[in-house]
file run_16.cif (mmCIF, C-alpha atoms and all ligand atoms)
data_protein
loop_
_atom_site.label_atom_id
_atom_site.label_comp_id
_atom_site.auth_asym_id
_atom_site.auth_seq_id
_atom_site.Cartn_x
_atom_site.Cartn_y
_atom_site.Cartn_z
CA MET A 1 2.17 17.85 -15.64
CA LYS A 2 3.03 20.62 -13.19
CA PHE A 3 2.53 20.23 -9.46
CA LYS A 4 2.88 22.58 -6.51
CA ILE A 5 4.17 20.94 -3.35
CA ALA A 6 4.17 22.69 0.01
CA LYS A 7 7.36 21.77 1.84
CA LEU A 8 7.23 21.94 5.64
CA PRO A 9 10.41 20.36 6.99
CA GLY A 10 9.88 21.47 10.62
CA ASP A 11 12.30 20.58 13.40
CA GLY A 12 15.12 18.20 14.29
CA ILE A 13 15.89 15.80 11.47
CA GLY A 14 12.92 17.17 9.46
CA PRO A 15 15.00 19.27 7.02
CA GLU A 16 17.51 16.48 6.17
CA ILE A 17 14.90 13.79 5.55
CA VAL A 18 12.61 16.06 3.54
CA GLU A 19 15.60 17.00 1.39
CA GLN A 20 16.01 13.33 0.43
CA ALA A 21 12.33 13.02 -0.49
CA GLU A 22 12.70 16.16 -2.60
CA LYS A 23 15.58 14.55 -4.53
CA VAL A 24 13.43 11.50 -5.14
CA ILE A 25 10.49 13.62 -6.33
CA HIS A 26 12.78 15.41 -8.80
CA ALA A 27 14.04 12.05 -10.04
CA ILE A 28 10.42 11.04 -10.68
CA GLY A 29 9.94 14.34 -12.54
CA ASN A 30 12.90 13.56 -14.81
CA LYS A 31 11.77 10.02 -15.43
CA PHE A 32 8.09 10.67 -16.10
CA ASN A 33 8.35 14.20 -17.42
CA HIS A 34 6.58 16.13 -14.69
CA GLN A 35 7.51 19.40 -13.03
CA PHE A 36 7.43 20.01 -9.32
CA SER A 37 7.79 23.35 -7.62
CA PHE A 38 8.34 23.41 -3.87
CA GLU A 39 7.11 26.20 -1.67
CA PHE A 40 8.68 26.32 1.77
CA GLY A 41 6.69 26.99 4.94
CA ILE A 42 7.79 27.25 8.57
CA VAL A 43 6.15 25.10 11.22
CA GLY A 44 6.76 23.78 14.75
CA ALA A 45 9.51 25.01 17.08
CA ALA A 46 11.25 26.61 14.10
CA ALA A 47 8.13 28.77 13.57
CA ILE A 48 7.74 29.60 17.28
CA ASP A 49 11.34 30.81 17.33
CA LYS A 50 10.74 32.98 14.28
CA VAL A 51 7.22 34.35 14.61
CA GLY A 52 5.88 33.01 17.94
CA ASP A 53 3.30 30.75 16.25
CA PRO A 54 3.84 27.03 15.48
CA TYR A 55 1.46 27.14 12.45
CA PRO A 56 1.48 30.67 11.03
CA GLU A 57 -1.23 31.91 8.67
CA GLU A 58 1.32 32.22 5.87
CA THR A 59 2.20 28.54 6.16
CA HIS A 60 -1.49 27.65 6.17
CA ASN A 61 -1.99 29.58 2.92
CA ILE A 62 0.97 27.85 1.30
CA CYS A 63 -0.66 24.50 2.19
CA LEU A 64 -4.08 25.58 0.94
CA ASN A 65 -2.56 26.55 -2.41
CA SER A 66 -0.69 23.31 -2.89
CA ASP A 67 -1.49 20.03 -4.63
CA ALA A 68 0.01 18.21 -1.64
CA VAL A 69 2.02 18.92 1.50
CA LEU A 70 5.29 17.20 2.32
CA PHE A 71 5.90 17.38 6.05
CA GLY A 72 9.01 16.49 8.08
CA ALA A 73 8.63 16.41 11.84
CA ILE A 74 8.06 18.76 14.71
CA GLY A 75 9.16 18.86 18.32
CA ASP A 76 12.04 20.28 20.29
CA PRO A 77 13.40 18.98 23.62
CA LYS A 78 13.43 22.47 25.09
CA TYR A 79 9.64 22.21 25.39
CA ASP A 80 9.40 18.64 26.65
CA ASN A 81 10.02 19.16 30.34
CA ASN A 82 8.49 22.56 30.48
CA PRO A 83 4.76 22.16 31.20
CA ALA A 84 4.55 25.95 31.64
CA ALA A 85 5.48 26.69 28.02
CA LYS A 86 2.70 28.83 26.53
CA VAL A 87 2.95 27.50 23.00
CA ARG A 88 4.28 24.08 22.11
CA PRO A 89 5.46 22.90 18.67
CA GLU A 90 2.91 20.04 18.71
CA GLN A 91 0.10 22.60 18.78
CA GLY A 92 1.18 23.55 15.27
CA LEU A 93 0.56 20.02 14.06
CA LEU A 94 -2.85 19.83 15.76
CA GLU A 95 -3.83 23.21 14.35
CA MET A 96 -2.72 22.23 10.85
CA ARG A 97 -4.81 19.04 11.04
CA LYS A 98 -7.88 20.99 12.16
CA LYS A 99 -7.53 23.89 9.72
CA LEU A 100 -6.85 21.70 6.70
CA GLN A 101 -9.51 19.26 7.92
CA LEU A 102 -7.17 16.31 7.68
CA TYR A 103 -9.85 13.94 8.89
CA ALA A 104 -8.17 10.61 8.18
CA ASN A 105 -4.63 9.52 8.86
CA ILE A 106 -3.56 6.45 6.92
CA ARG A 107 -0.64 4.45 8.23
CA PRO A 108 0.19 1.34 6.22
CA VAL A 109 2.12 -1.42 7.96
CA SER A 110 3.93 -4.06 5.97
CA THR A 111 7.15 -5.97 6.29
CA PHE A 112 10.17 -5.96 3.99
CA GLU A 113 11.64 -9.37 3.28
CA SER A 114 15.22 -8.17 3.83
CA LEU A 115 14.40 -6.71 7.26
CA ILE A 116 12.37 -9.55 8.67
CA ASN A 117 14.98 -10.21 11.36
CA LYS A 118 15.07 -6.59 12.55
CA SER A 119 11.70 -6.87 14.27
CA PRO A 120 11.70 -8.14 17.86
CA LEU A 121 8.74 -10.32 16.82
CA ARG A 122 9.27 -13.83 15.45
CA PRO A 123 9.68 -13.88 11.64
CA GLU A 124 6.91 -16.45 11.10
CA LEU A 125 4.42 -14.17 12.88
CA ILE A 126 5.11 -11.09 10.77
CA GLU A 127 6.21 -12.40 7.38
CA GLY A 128 3.65 -11.19 4.84
CA ALA A 129 1.78 -8.93 7.28
CA ASP A 130 0.15 -6.15 5.30
CA PHE A 131 -2.50 -3.92 6.78
CA MET A 132 -3.35 -0.26 7.22
CA ILE A 133 -4.60 1.68 10.17
CA ILE A 134 -6.97 4.53 9.39
CA ARG A 135 -7.04 6.90 12.32
CA GLU A 136 -9.64 9.65 12.69
CA LEU A 137 -7.53 12.78 13.04
CA THR A 138 -9.59 15.89 13.73
CA GLY A 139 -11.92 14.88 16.54
CA GLY A 140 -12.09 13.00 19.81
CA ILE A 141 -10.24 13.77 23.01
CA TYR A 142 -7.51 15.68 21.17
CA TYR A 143 -10.01 18.41 20.36
CA GLY A 144 -12.76 18.26 23.01
CA GLU A 145 -13.21 21.91 23.94
CA LEU A 146 -14.16 21.21 27.52
CA ARG A 147 -10.77 20.78 29.09
CA GLY A 148 -8.69 22.21 31.86
CA ARG A 149 -8.26 22.28 35.61
CA THR A 150 -10.57 22.96 38.49
CA GLU A 151 -9.94 26.21 40.32
CA ASN A 152 -7.63 24.82 42.97
CA GLY A 153 -5.72 22.97 40.26
CA THR A 154 -6.00 19.51 41.79
CA LYS A 155 -8.37 18.07 39.19
CA ALA A 156 -7.98 18.08 35.41
CA PHE A 157 -10.32 16.98 32.65
CA ASP A 158 -10.41 16.40 28.89
CA THR A 159 -13.50 15.47 26.92
CA ASN A 160 -13.94 12.96 24.12
CA VAL A 161 -16.55 14.13 21.60
CA TYR A 162 -17.62 12.59 18.28
CA SER A 163 -20.49 13.34 15.94
CA LYS A 164 -22.09 10.76 13.69
CA GLU A 165 -20.93 12.75 10.64
CA GLU A 166 -17.31 12.62 11.75
CA ILE A 167 -17.51 8.86 12.23
CA GLU A 168 -19.29 8.30 8.91
CA ARG A 169 -16.73 10.37 6.99
CA VAL A 170 -13.72 8.40 8.15
CA ALA A 171 -15.55 5.05 8.07
CA LYS A 172 -16.58 5.65 4.47
CA LEU A 173 -12.94 6.07 3.51
CA ALA A 174 -12.06 2.92 5.44
CA PHE A 175 -14.76 0.91 3.65
CA SER A 176 -13.48 2.16 0.29
CA PHE A 177 -9.91 1.07 1.11
CA ALA A 178 -11.14 -2.32 2.29
CA ALA A 179 -13.06 -2.71 -0.98
CA LYS A 180 -9.82 -2.23 -2.93
CA ARG A 181 -7.89 -4.63 -0.70
CA ARG A 182 -8.78 -7.93 0.98
CA LYS A 183 -12.30 -6.78 1.91
CA LYS A 184 -11.85 -6.95 5.64
CA LEU A 185 -12.50 -4.07 8.00
CA THR A 186 -11.77 -4.09 11.72
CA ALA A 187 -13.42 -1.26 13.66
CA ILE A 188 -11.74 -0.69 17.00
CA ASP A 189 -13.43 0.98 19.97
CA LYS A 190 -14.12 0.67 23.69
CA ALA A 191 -17.88 0.25 23.36
CA ASN A 192 -18.14 -1.67 26.63
CA VAL A 193 -17.25 1.54 28.51
CA LEU A 194 -17.42 4.73 26.42
CA ALA A 195 -20.49 6.50 25.00
CA THR A 196 -18.44 7.83 22.07
CA SER A 197 -17.38 4.28 21.24
CA ARG A 198 -20.99 3.11 21.30
CA LEU A 199 -21.82 5.77 18.72
CA TRP A 200 -18.83 4.62 16.63
CA ARG A 201 -20.00 1.02 16.73
CA GLU A 202 -23.64 1.84 16.03
CA THR A 203 -22.72 4.12 13.10
CA ILE A 204 -20.41 1.60 11.46
CA GLN A 205 -22.96 -1.19 12.00
CA GLU A 206 -25.53 0.91 10.15
CA MET A 207 -23.12 1.43 7.26
CA GLU A 208 -22.31 -2.27 6.90
CA LYS A 209 -25.43 -2.99 4.83
CA ASP A 210 -24.17 -0.64 2.12
CA TYR A 211 -21.01 -2.75 1.75
CA PRO A 212 -22.29 -6.34 1.63
CA ASP A 213 -19.02 -7.81 0.35
CA ILE A 214 -16.92 -6.37 3.16
CA GLU A 215 -16.47 -8.44 6.28
CA VAL A 216 -16.62 -6.14 9.31
CA ASP A 217 -15.25 -7.07 12.67
CA HIS A 218 -15.75 -4.92 15.80
CA MET A 219 -13.00 -5.24 18.35
CA LEU A 220 -12.33 -3.66 21.74
CA VAL A 221 -9.13 -1.64 21.81
CA ASP A 222 -7.42 -3.55 24.63
CA ASN A 223 -7.99 -6.83 22.81
CA ALA A 224 -6.90 -5.23 19.52
CA ALA A 225 -3.64 -4.02 21.07
CA MET A 226 -2.84 -7.63 21.84
CA GLN A 227 -3.99 -9.12 18.54
CA ILE A 228 -2.13 -6.60 16.35
CA ILE A 229 1.23 -7.88 17.51
CA GLN A 230 0.19 -11.45 18.13
CA TRP A 231 -1.55 -12.07 14.78
CA PRO A 232 -0.72 -9.08 12.55
CA LYS A 233 -1.53 -11.09 9.42
CA LYS A 234 -5.23 -11.29 10.22
CA PHE A 235 -5.71 -7.53 9.75
CA ASP A 236 -6.46 -5.76 6.48
CA VAL A 237 -7.99 -2.32 7.11
CA VAL A 238 -8.41 -1.00 10.64
CA VAL A 239 -10.44 2.10 11.51
CA THR A 240 -10.48 3.80 14.88
CA GLU A 241 -10.75 7.09 16.76
CA ASN A 242 -7.96 9.62 17.18
CA MET A 243 -6.43 8.57 20.51
CA PHE A 244 -6.67 4.79 19.99
CA GLY A 245 -5.16 5.25 16.54
CA ASP A 246 -2.25 7.24 17.94
CA ILE A 247 -1.35 4.43 20.34
CA LEU A 248 -2.01 1.48 18.02
CA THR A 249 0.06 2.92 15.16
CA ASP A 250 3.17 3.28 17.32
CA GLU A 251 2.61 -0.26 18.52
CA ALA A 252 2.21 -1.53 14.96
CA SER A 253 5.49 0.06 13.89
CA VAL A 254 7.33 -2.61 15.87
CA ILE A 255 6.21 -5.15 13.26
CA THR A 256 8.32 -3.55 10.52
CA GLY A 257 11.48 -3.40 12.62
CA SER A 258 12.14 0.33 12.49
CA LEU A 259 10.08 3.43 13.10
CA GLY A 260 12.29 4.95 10.40
CA LEU A 261 10.39 3.07 7.68
CA LEU A 262 6.79 4.03 8.25
CA PRO A 263 5.08 6.64 6.09
CA SER A 264 1.68 8.22 6.52
CA ALA A 265 -0.91 10.20 4.62
CA SER A 266 -3.37 12.59 6.24
CA ILE A 267 -6.30 12.99 3.91
CA GLY A 268 -7.92 16.41 3.92
CA ILE A 269 -10.72 18.36 2.33
CA HIS A 270 -8.54 20.93 0.54
CA THR A 271 -5.19 19.20 0.32
CA SER A 272 -3.48 16.23 1.99
CA VAL A 273 -0.33 15.98 4.08
CA PHE A 274 2.34 13.30 3.74
CA GLU A 275 4.75 12.71 6.60
CA PRO A 276 6.83 10.01 8.27
CA ILE A 277 5.28 8.69 11.46
CA HIS A 278 8.47 9.10 13.48
CA GLY A 279 9.22 12.32 15.31
CA SER A 280 11.94 14.96 15.08
CA TYR A 281 14.70 12.76 16.62
CA PRO A 282 16.64 15.78 17.94
CA GLN A 283 19.66 13.69 19.02
CA ALA A 284 20.39 12.98 15.35
CA ALA A 285 19.62 16.43 13.93
CA GLY A 286 22.30 17.69 11.57
CA LYS A 287 24.32 14.46 11.75
CA ASP A 288 23.22 13.00 8.42
CA ILE A 289 22.39 9.63 10.06
CA ALA A 290 18.57 9.56 10.20
CA ASN A 291 16.70 7.09 8.02
CA PRO A 292 15.02 8.98 5.15
CA ILE A 293 12.94 6.01 3.97
CA ALA A 294 9.75 6.82 5.91
CA THR A 295 9.70 10.26 4.27
CA ILE A 296 10.53 8.87 0.84
CA LEU A 297 7.70 6.33 1.19
CA SER A 298 5.43 9.20 2.27
CA ALA A 299 6.26 10.81 -1.08
CA ALA A 300 5.20 7.54 -2.75
CA MET A 301 1.84 7.83 -0.96
CA MET A 302 1.60 11.41 -2.17
CA PHE A 303 1.87 10.28 -5.80
CA GLU A 304 -0.78 7.63 -5.25
CA TYR A 305 -3.32 9.51 -3.14
CA SER A 306 -3.02 13.15 -4.17
CA LEU A 307 -1.30 13.46 -7.54
CA ASN A 308 -2.95 10.51 -9.20
CA LEU A 309 0.35 9.08 -10.45
CA PRO A 310 0.29 5.52 -9.05
CA GLU A 311 3.09 4.42 -11.35
CA ALA A 312 5.42 7.00 -9.81
CA GLY A 313 4.47 5.74 -6.36
CA LYS A 314 5.27 2.19 -7.38
CA THR A 315 8.62 3.23 -8.83
CA ILE A 316 9.58 4.81 -5.50
CA ARG A 317 8.56 1.68 -3.61
CA ASP A 318 10.64 -0.46 -5.97
CA ALA A 319 13.63 1.84 -5.48
CA VAL A 320 13.28 1.65 -1.70
CA ALA A 321 12.98 -2.14 -1.83
CA ALA A 322 16.18 -2.22 -3.93
CA SER A 323 18.10 -0.11 -1.42
CA LEU A 324 16.93 -2.38 1.41
CA ALA A 325 17.77 -5.54 -0.51
CA GLU A 326 21.25 -4.25 -1.37
CA GLY A 327 21.86 -3.05 2.18
CA PHE A 328 22.30 0.55 1.08
CA VAL A 329 20.70 1.83 4.29
CA THR A 330 21.26 4.00 7.36
CA GLU A 331 22.67 2.75 10.67
CA ASP A 332 19.31 1.98 12.35
CA ILE A 333 18.72 -0.97 10.00
CA ALA A 334 22.19 -1.72 8.59
CA SER A 335 23.58 -5.22 9.05
CA GLY A 336 26.98 -4.35 7.61
CA GLN A 337 28.21 -0.97 6.50
CA ALA A 338 25.89 1.94 7.25
CA TYR A 339 25.37 4.85 4.87
CA LYS A 340 24.51 8.49 5.48
CA THR A 341 21.04 9.97 5.12
CA SER A 342 22.13 11.96 2.05
CA GLN A 343 23.83 8.93 0.46
CA VAL A 344 20.66 6.85 0.79
CA GLY A 345 18.64 9.70 -0.75
CA ASP A 346 21.11 9.98 -3.66
CA TRP A 347 21.13 6.22 -4.19
CA ILE A 348 17.33 5.96 -4.34
CA ALA A 349 17.00 9.01 -6.64
CA HIS A 350 19.70 7.62 -8.92
CA TRP A 351 18.06 4.16 -9.02
CA ILE A 352 14.82 5.79 -10.17
CA GLU A 353 16.51 7.66 -12.99
CA LYS A 354 18.34 4.66 -14.35
CA ASN A 355 15.63 1.99 -13.98
C1 LIG B 1 1.45 11.56 15.94
C2 LIG B 1 2.07 12.29 17.10
C3 LIG B 1 1.18 13.47 17.47
C4 LIG B 1 -0.15 12.90 17.89
C5 LIG B 1 1.74 14.40 18.55
C6 LIG B 1 3.12 14.91 18.19
C7 LIG B 1 0.81 15.53 18.86
O1 LIG B 1 2.29 11.46 18.17
O2 LIG B 1 1.33 12.16 14.87
O3 LIG B 1 1.11 10.39 16.09
O4 LIG B 1 -0.34 12.52 19.05
O5 LIG B 1 -1.04 12.84 17.05
MN MN B 2 1.73 9.39 17.82
#
call {"tool": "encode", "arguments": {"input": "run_16.cif", "output": "structure tokens"}}
result
Amino acid sequence: MKFKIAKLPGDGIGPEIVEQAEKVIHAIGNKFNHQFSFEFGIVGAAAIDKVGDPYPEETHNICLNSDAVLFGAIGDPKYDNNPAAKVRPEQGLLEMRKKLQLYANIRPVSTFESLINKSPLRPELIEGADFMIIRELTGGIYYGELRGRTENGTKAFDTNVYSKEEIERVAKLAFSFAAKRRKKLTAIDKANVLATSRLWRETIQEMEKDYPDIEVDHMLVDNAAMQIIQWPKKFDVVVTENMFGDILTDEASVITGSLGLLPSASIGIHTSVFEPIHGSYPQAAGKDIANPIATILSAAMMFEYSLNLPEAGKTIRDAVAASLAEGFVTEDIASGQAYKTSQVGDWIAHWIEKN
């Protein structure tokens, strides 16, 4: 088969890690006889520098015309301590999510046997943990239109808004994932305080009757933040609003031992976007030291969720597991010798072609 992939490497380490995923995708093409063409689009600080817009129309059209989008990272330190900056790279990401209607962000969390001692959490707590957080991605406080400052500038406000339809759409996806897994869904909110959360809870409670074999648990976000690291093994599928999901997914990454390992998929109406959950890591840009595994595993998710080639996804996972088991990894997780970003990419691509 022939597939069109939009390639948006973005800023910082984005280009080097996406390059490794591209090698891996070509290796899959050779092994399974598929063809992939990559169309490059600018995004983030790189796009602001070039055309003054972090998500230009041209990039949007490249995404719309693709079978899937492979995304690196965005962000540049020159914007971080400059609250006066008119456009920020992150706006590009938020605009892309909205325009492509990427309504659900899926972040799987599981441990690798060979890395069990890299997590600051005790091995017996995390061994075998395997869950996914499904974060609503196009609504909530990130997008509430009523926002700003009062006239004298001493008060600021953001608004959290959700419609029943938005909640149902993401919850439906969460129920369907739970049905394919261990049939447990944890819905996380702050229903003891927030009106939006009460609508979340009410909506999901109404949906429960349509999924009689799924056990649904409603949990307050503060309690969930504790339980996720104290008893990660009790979770299967988690669904929550945009802001809570942002915070809980970073927290959950601690379980795996390195932020450099966690992939994500953002499911959209027209196309879906696959990206590592870590950021642009500007200190490492151009040094060939960043861990490419999160991006390579994002490519595995792309094969499973968008291209309907689950076997290719599994092959990539097996190759990654082999590189971890053999210690052919970058410095962030190496116990002995550390390898370069490009070497790890070559190793994984080569493993795929010969196994
Ligand atoms: C993420 C990031 C973004 C978010 C930022 C960069 C806007 O933290 O993808 O989790 O908050 O959603
Ligand atoms: Mn985040």
call {"tool": "residues_around", "arguments": {"input": "run_16.cif", "residues": "Pro310 of chain A", "least_positions_apart": "4", "cutoff": "12 Å", "atoms": "only C-alpha atoms", "output": "PyMOL selection string"}}
result
chain A and resi 28+32+299-306+314-317
call {"tool": "write_last_selection", "arguments": {"input": "run_16.cif", "atoms": "C-alpha atoms", "output": "mmCIF file, keeping the file's coordinate frame"}}
result
data_model
loop_
_atom_site.group_PDB
_atom_site.id
_atom_site.type_symbol
_atom_site.label_atom_id
_atom_site.label_comp_id
_atom_site.auth_asym_id
_atom_site.auth_seq_id
_atom_site.Cartn_x
_atom_site.Cartn_y
_atom_site.Cartn_z
ATOM 1 C CA ILE A 28 10.420 11.040 -10.680
ATOM 2 C CA PHE A 32 8.090 10.670 -16.100
ATOM 3 C CA ALA A 299 6.260 10.810 -1.080
ATOM 4 C CA ALA A 300 5.200 7.540 -2.750
ATOM 5 C CA MET A 301 1.840 7.830 -0.960
ATOM 6 C CA MET A 302 1.600 11.410 -2.170
ATOM 7 C CA PHE A 303 1.870 10.280 -5.800
ATOM 8 C CA GLU A 304 -0.780 7.630 -5.250
ATOM 9 C CA TYR A 305 -3.320 9.510 -3.140
ATOM 10 C CA SER A 306 -3.020 13.150 -4.170
ATOM 11 C CA LYS A 314 5.270 2.190 -7.380
ATOM 12 C CA THR A 315 8.620 3.230 -8.830
ATOM 13 C CA ILE A 316 9.580 4.810 -5.500
ATOM 14 C CA ARG A 317 8.560 1.680 -3.610
#
call {"tool": "closest_atom_pairs", "arguments": {"input": "run_16.cif", "of": "chain A", "to": "ligand MN 2 (chain B)", "cutoff": "12 Å", "atoms": "only C-alpha atoms and all ligand atoms", "output": "JSON lines"}}
result
{"residue": "A:Ala73", "atom": "CA", "partner": "B:MN2", "partner_atom": "MN", "distance": 11.5}
{"residue": "A:Ile74", "atom": "CA", "partner": "B:MN2", "partner_atom": "MN", "distance": 11.7}
{"residue": "A:Glu90", "atom": "CA", "partner": "B:MN2", "partner_atom": "MN", "distance": 10.8}
{"residue": "A:Leu93", "atom": "CA", "partner": "B:MN2", "partner_atom": "MN", "distance": 11.3}
{"residue": "A:Leu94", "atom": "CA", "partner": "B:MN2", "partner_atom": "MN", "distance": 11.6}
{"residue": "A:Asn105", "atom": "CA", "partner": "B:MN2", "partner_atom": "MN", "distance": 11.0}
{"residue": "A:Arg107", "atom": "CA", "partner": "B:MN2", "partner_atom": "MN", "distance": 11.0}
{"residue": "A:Arg135", "atom": "CA", "partner": "B:MN2", "partner_atom": "MN", "distance": 10.6}
{"residue": "A:Leu137", "atom": "CA", "partner": "B:MN2", "partner_atom": "MN", "distance": 11.0}
{"residue": "A:Tyr142", "atom": "CA", "partner": "B:MN2", "partner_atom": "MN", "distance": 11.7}
{"residue": "A:Asn242", "atom": "CA", "partner": "B:MN2", "partner_atom": "MN", "distance": 9.7}
{"residue": "A:Met243", "atom": "CA", "partner": "B:MN2", "partner_atom": "MN", "distance": 8.6}
{"residue": "A:Phe244", "atom": "CA", "partner": "B:MN2", "partner_atom": "MN", "distance": 9.8}
{"residue": "A:Gly245", "atom": "CA", "partner": "B:MN2", "partner_atom": "MN", "distance": 8.1}
{"residue": "A:Asp246", "atom": "CA", "partner": "B:MN2", "partner_atom": "MN", "distance": 4.5}
{"residue": "A:Ile247", "atom": "CA", "partner": "B:MN2", "partner_atom": "MN", "distance": 6.4}
{"residue": "A:Leu248", "atom": "CA", "partner": "B:MN2", "partner_atom": "MN", "distance": 8.8}
{"residue": "A:Thr249", "atom": "CA", "partner": "B:MN2", "partner_atom": "MN", "distance": 7.2}
{"residue": "A:Asp250", "atom": "CA", "partner": "B:MN2", "partner_atom": "MN", "distance": 6.3}
{"residue": "A:Glu251", "atom": "CA", "partner": "B:MN2", "partner_atom": "MN", "distance": 9.7}
{"residue": "A:Ala252", "atom": "CA", "partner": "B:MN2", "partner_atom": "MN", "distance": 11.3}
{"residue": "A:Ser253", "atom": "CA", "partner": "B:MN2", "partner_atom": "MN", "distance": 10.8}
{"residue": "A:Leu259", "atom": "CA", "partner": "B:MN2", "partner_atom": "MN", "distance": 11.3}
{"residue": "A:Ser264", "atom": "CA", "partner": "B:MN2", "partner_atom": "MN", "distance": 11.4}
{"residue": "A:Pro276", "atom": "CA", "partner": "B:MN2", "partner_atom": "MN", "distance": 10.8}
{"residue": "A:Ile277", "atom": "CA", "partner": "B:MN2", "partner_atom": "MN", "distance": 7.3}
{"residue": "A:His278", "atom": "CA", "partner": "B:MN2", "partner_atom": "MN", "distance": 8.0}
{"residue": "A:Gly279", "atom": "CA", "partner": "B:MN2", "partner_atom": "MN", "distance": 8.4}
{"residue": "A:Ser280", "atom": "CA", "partner": "B:MN2", "partner_atom": "MN", "distance": 11.9}
call {"tool": "closest_atom_pairs", "arguments": {"input": "run_16.cif", "of": "segment 134-222 of chain A", "to": "segment 229-241 of chain A", "cutoff": "9 Å", "atoms": "all atoms listed in the file", "output": "tab-separated table"}}
result
residue	atom	partner	partner_atom	distance
A:Ile134	CA	A:Val239	CA	4.7
A:Arg135	CA	A:Thr240	CA	5.3
A:Glu136	CA	A:Glu241	CA	4.9
A:Leu137	CA	A:Glu241	CA	7.5
A:Gly139	CA	A:Glu241	CA	7.9
A:Gly140	CA	A:Glu241	CA	6.8
A:Tyr162	CA	A:Glu241	CA	8.9
A:Ile167	CA	A:Glu241	CA	8.3
A:Val170	CA	A:Val239	CA	7.9
A:Ala171	CA	A:Val239	CA	6.8
A:Ala174	CA	A:Val239	CA	6.3
A:Phe175	CA	A:Val237	CA	8.3
A:Phe177	CA	A:Val237	CA	7.2
A:Ala178	CA	A:Val237	CA	5.8
A:Arg181	CA	A:Asp236	CA	7.4
A:Arg182	CA	A:Asp236	CA	6.4
A:Lys183	CA	A:Asp236	CA	7.5
A:Lys184	CA	A:Asp236	CA	5.6
A:Leu185	CA	A:Val237	CA	4.9
A:Thr186	CA	A:Val238	CA	4.7
A:Ala187	CA	A:Val239	CA	5.0
A:Ile188	CA	A:Thr240	CA	5.1
A:Asp189	CA	A:Thr240	CA	6.5
A:Ser197	CA	A:Glu241	CA	8.5
A:Trp200	CA	A:Glu241	CA	8.5
A:Val221	CA	A:Thr240	CA	8.9
call {"tool": "atom_distance", "arguments": {"input": "run_16.cif", "atom1": "atom CA of Ser163 of chain A", "atom2": "atom CA of Arg149 of chain A"}}
result
24.8 Å
call {"tool": "residues_near_point", "arguments": {"input": "run_16.cif", "point": "(13.4, -9.4, 6.6)", "cutoff": "10 Å", "atoms": "only C-alpha atoms", "output": "number ranges by chain"}}
result
A: 111-119, 123, 126-127, 256-257, 324-325
call {"tool": "residues_around", "arguments": {"input": "run_16.cif", "residues": "Ile267 of chain A", "least_positions_apart": "4", "cutoff": "8 Å", "atoms": "all atoms listed in the file", "output": "ChimeraX atom specification"}}
result
/A:102-106,271-273
call {"tool": "residues_near_point", "arguments": {"input": "run_16.cif", "point": "(-12.6, 19.5, 32.4)", "cutoff": "10 Å", "atoms": "all atoms listed in the file", "output": "PDB file with C-alpha atoms, in the coordinates of the input"}}
result
ATOM      1  CA  GLY A 144     -12.760  18.260  23.010  1.00  0.00           C
ATOM      2  CA  GLU A 145     -13.210  21.910  23.940  1.00  0.00           C
ATOM      3  CA  LEU A 146     -14.160  21.210  27.520  1.00  0.00           C
ATOM      4  CA  ARG A 147     -10.770  20.780  29.090  1.00  0.00           C
ATOM      5  CA  GLY A 148      -8.690  22.210  31.860  1.00  0.00           C
ATOM      6  CA  ARG A 149      -8.260  22.280  35.610  1.00  0.00           C
ATOM      7  CA  THR A 150     -10.570  22.960  38.490  1.00  0.00           C
ATOM      8  CA  LYS A 155      -8.370  18.070  39.190  1.00  0.00           C
ATOM      9  CA  ALA A 156      -7.980  18.080  35.410  1.00  0.00           C
ATOM     10  CA  PHE A 157     -10.320  16.980  32.650  1.00  0.00           C
ATOM     11  CA  ASP A 158     -10.410  16.400  28.890  1.00  0.00           C
ATOM     12  CA  THR A 159     -13.500  15.470  26.920  1.00  0.00           C
TER      13      THR A 159
END
call {"tool": "closest_residue", "arguments": {"input": "run_16.cif", "among": "A:Lys4, A:Arg97, A:Lys209, A:His26", "to": "ligand LIG 1 (chain B)", "atoms": "all atoms listed in the file"}}
result
A:Arg97
call {"tool": "atom_distance", "arguments": {"input": "run_16.cif", "atom1": "atom CA of Ala21 of chain A", "atom2": "atom CA of Thr295 of chain A"}}
result
6.1 Å
call {"tool": "atom_distance", "arguments": {"input": "run_16.cif", "atom1": "atom CA of Ser298 of chain A", "atom2": "atom CA of Asn33 of chain A"}}
result
20.5 Å
call {"tool": "closest_residue", "arguments": {"input": "run_16.cif", "among": "A:Gln101, A:Thr154, A:Thr203, A:Ser266", "to": "ligand LIG 1 (chain B)", "atoms": "only C-alpha atoms and all ligand atoms"}}
result
A:Ser266
call {"tool": "residues_around", "arguments": {"input": "run_16.cif", "residues": "Pro89 of chain A", "least_positions_apart": "2", "cutoff": "6 Å", "atoms": "all atoms listed in the file", "output": "list in words"}}
result
Gly44, Ala45, Pro54, Gly75, Gln91 and Gly92 of chain A
call {"tool": "closest_residue", "arguments": {"input": "run_16.cif", "among": "A:Arg169, A:His270, A:His218, A:Arg88", "to": "ligand LIG 1 (chain B)", "atoms": "only C-alpha atoms and all ligand atoms"}}
result
A:Arg88
call {"tool": "closest_residue", "arguments": {"input": "run_16.cif", "among": "A:Gly260, A:Gly41, A:Gly286, A:Gly29", "to": "Gly12 of chain A", "atoms": "only C-alpha atoms"}}
result
A:Gly286
call {"tool": "closest_residue", "arguments": {"input": "run_16.cif", "among": "A:Ala322, A:Ile269, A:Ile133, A:Ala290", "to": "ligand LIG 1 (chain B)", "atoms": "only C-alpha atoms and all ligand atoms"}}
result
A:Ile133
call {"tool": "axis_aligned_box", "arguments": {"input": "run_16.cif", "around": "ligand LIG 1 (chain B)", "padding_each_side": "4 Å", "output": "JSON"}}
result
{"center_x": 1.0, "center_y": 13.0, "center_z": 17.0, "size_x": 12.2, "size_y": 13.1, "size_z": 12.2}
